[in-house]
Amino acid sequence: MIGTMRRLGRLFHPQSAKSVILALDHGVSEGMIPGLTEIPLLIEGMKHLPVQGVVLNKGLARASVGSLSLDKNVFVHLSAGTKHGLPTYNQSLVCSVNEALRLGADAVSMHVNIGNDLEDRMLQDFGMVTDEAHAMGIPVMAVIYARGGQIVNELDPSLITHCIRLGGELGADVVCVPYSGDKQSFAMGVATCPVPVFITGGPAQPNWKAAKKMIAEAMEAGASGVTMGRPIFQHKDPLKALAEVCQLVHGSTEGVEVQITSPAKDAAPSKAESEAPPKPKKATAKTAPRKSTVKSAKRRTATKSAKSSPKAKKK
Ligand SMILES: O=C(CO)COP(=O)(O)O
């Protein structure tokens with residue numbers, strides 16, 4: 001397990017011990033949704049931000065890994081399913097751990113839906129992938145949703161804690177779930193899970209302010225990071241959104257100052273240029289020209305009861 005542990009350690013920011021993973025695997029499940037055109041901008045711009053990794057399907061991984069800086073972990077996504085499938089969004093393995101490794105993967109990810117007609121096969125796949133990946137020292141991130149014919153409310157807090165629990169008990173190294181909106185039960189699920197828990201973005205947040213509030217609340221509840229796609233790549237300024245997510249996630253660790261390099265000068269042109277992260281409160285020894293050190297303000301605790309949006313667009 002030493003290989004898995006070492007690679008797992010690299011998925012977290014060395015100071016904050018939190019993680020921001022950019023999810024760019026949506027083209028398979030959703031087709032040409034808005035924001036996919038921003039992928040090249042994000043792949044180029046993320047090198048300037050404290051983003052720990054990116055989730056890519058194998059074809060996009062093959063096309064993109066050459067452009068990614070070596071400090072960014074590549075998660076090759078092993079499973080696929082579309083909104084047109086029967087049952088909808090059922091997931092099948094489309095890539096092996098071996099193939100992922102050949103593509104330069106630092107970790108693998110896969111998606112499991114519980115409450116689905118094909119739950120049993122997805123769980124078998126999950127068991128097989130954890131065995132195969134761990135035999136090669138590769139960490140597994142399991143993205144687990146409650147989604148299928150048996151499920152009425154995908155964000156039901158007890159279902160979200162069940163997803164967390166299942167991932168932890170079945171051997172994932174990181175479990176990734178949507179945030180339920182119920183801070184207390186989420187915090188309990190996270191605290192008792194044997195491995196770190198990340199949240200996904202989901203389509204349910206009405207606006208960016210709500211998405212940021214969700215991230216802040218999940219971090220307060222003990223989440224170790226985010227694996228996020230749509231709220232970032234569908235934002236009108238994706239690089240600015242990504243920088244703000246980095247601040248929220250890494251800045252959630254008390255006393256940690258997170259260095260954010262402005263993407264403005266080297267990245268592909270973006271509106272982020274005119275809206276760079278806040279000015280540094282104070283410089284650190286490591287501060288280099290064009291870099292700013294920011295320390296996120298401690299956010300208010302805002303517990304909110306679950307508000308579900310089962311009809312929202314899925315992923
Ligand atoms: O793809 C994801 C996890 O793999 C999450 O995507 P969203 O943030 O768009 O829900």
# chains A, B, ... in the order shown; residues from 1 in each chain; ligands from 1
>>> select_by_dssp(residues="region 8-103 of chain A", states="helix (DSSP H, G or I)", output="PyMOL selection string")
chain A and resi 8-9+26-30+36-48+58-67+97-102
>>> closest_atom_pairs(of="chain A", to="ligand 1", cutoff="6 Å", atoms="only C-alpha atoms and all ligand atoms", output="Markdown table")
| residue | atom | partner | partner_atom_place_in_ligand_line | distance |
| --- | --- | --- | --- | --- |
| A:Ala23 | CA | ligand 1 | 1 (O) | 4.7 |
| A:Asp25 | CA | ligand 1 | 1 (O) | 5.9 |
| A:Val143 | CA | ligand 1 | 4 (O) | 5.9 |
| A:Thr200 | CA | ligand 1 | 8 (O) | 4.4 |
| A:Gly201 | CA | ligand 1 | 8 (O) | 3.2 |
| A:Gly202 | CA | ligand 1 | 10 (O) | 3.3 |
| A:Thr227 | CA | ligand 1 | 3 (C) | 5.3 |
| A:Met228 | CA | ligand 1 | 8 (O) | 3.5 |
| A:Gly229 | CA | ligand 1 | 8 (O) | 3.7 |
| A:Arg230 | CA | ligand 1 | 9 (O) | 3.7 |
>>> residues_around(residues="region 113-115 of chain A", least_positions_apart="4", cutoff="6 Å", atoms="only C-alpha atoms", output="list of chain:residue names")
A:Glu119, A:Ile144, A:Tyr145, A:Ala146, A:Arg147, A:Gly148, A:Gln150, A:Ile151
>>> write_last_selection(atoms="C-alpha atoms", output="short mmCIF file (atom, residue, chain, number, x, y, z; two decimals), in the first residue's frame")
data_model
loop_
_atom_site.label_atom_id
_atom_site.label_comp_id
_atom_site.auth_asym_id
_atom_site.auth_seq_id
_atom_site.Cartn_x
_atom_site.Cartn_y
_atom_site.Cartn_z
CA GLU A 119 -26.42 -1.18 -8.62
CA ILE A 144 -21.08 7.93 -5.46
CA TYR A 145 -24.61 9.19 -6.07
CA ALA A 146 -28.03 7.96 -5.04
CA ARG A 147 -29.59 7.87 -8.46
CA GLY A 148 -32.04 5.45 -9.98
CA GLN A 150 -35.49 3.50 -6.16
CA ILE A 151 -34.53 7.07 -5.40
#
>>> closest_residue(among="A:Met141, A:Leu42, A:Ala221, A:Val174", to="Pro196 (chain A)", atoms="only C-alpha atoms")
A:Val174
>>> closest_residue(among="A:Arg121, A:Ser29, A:Ile39, A:Val226", to="Thr88 (chain A)", atoms="only C-alpha atoms")
A:Ser29
>>> closest_residue(among="A:Leu36, A:Glu44, A:Phe126, A:Gly31", to="Leu78 (chain A)", atoms="only C-alpha atoms")
A:Phe126
>>> residues_around(residues="region 106-108 of chain A", least_positions_apart="3", cutoff="10 Å", atoms="only C-alpha atoms", output="number ranges by chain")
A: 4, 7-8, 10-11, 53-56, 72-79, 95-97, 100-101, 103, 129-130, 133, 137-142, 173
>>> residues_around(residues="Tyr179 (chain A)", least_positions_apart="4", cutoff="12 Å", atoms="only C-alpha atoms", output="MDAnalysis selection string")
chainID A and resid 144:146 154:161 163:164 183:187 189:190 197:205 211 213:219 221:223 225:228 304:309
>>> select_by_dssp(residues="region 43-272 of chain A", states="strand (DSSP E)", output="PyMOL selection string")
chain A and resi 53-56+73-77+79-80+92-93+107-114+140-146+174-177+197-200+225-228+258-261
>>> atom_distance(atom1="CA of Val177 (chain A)", atom2="CA of Pro238 (chain A)")
21.9 Å
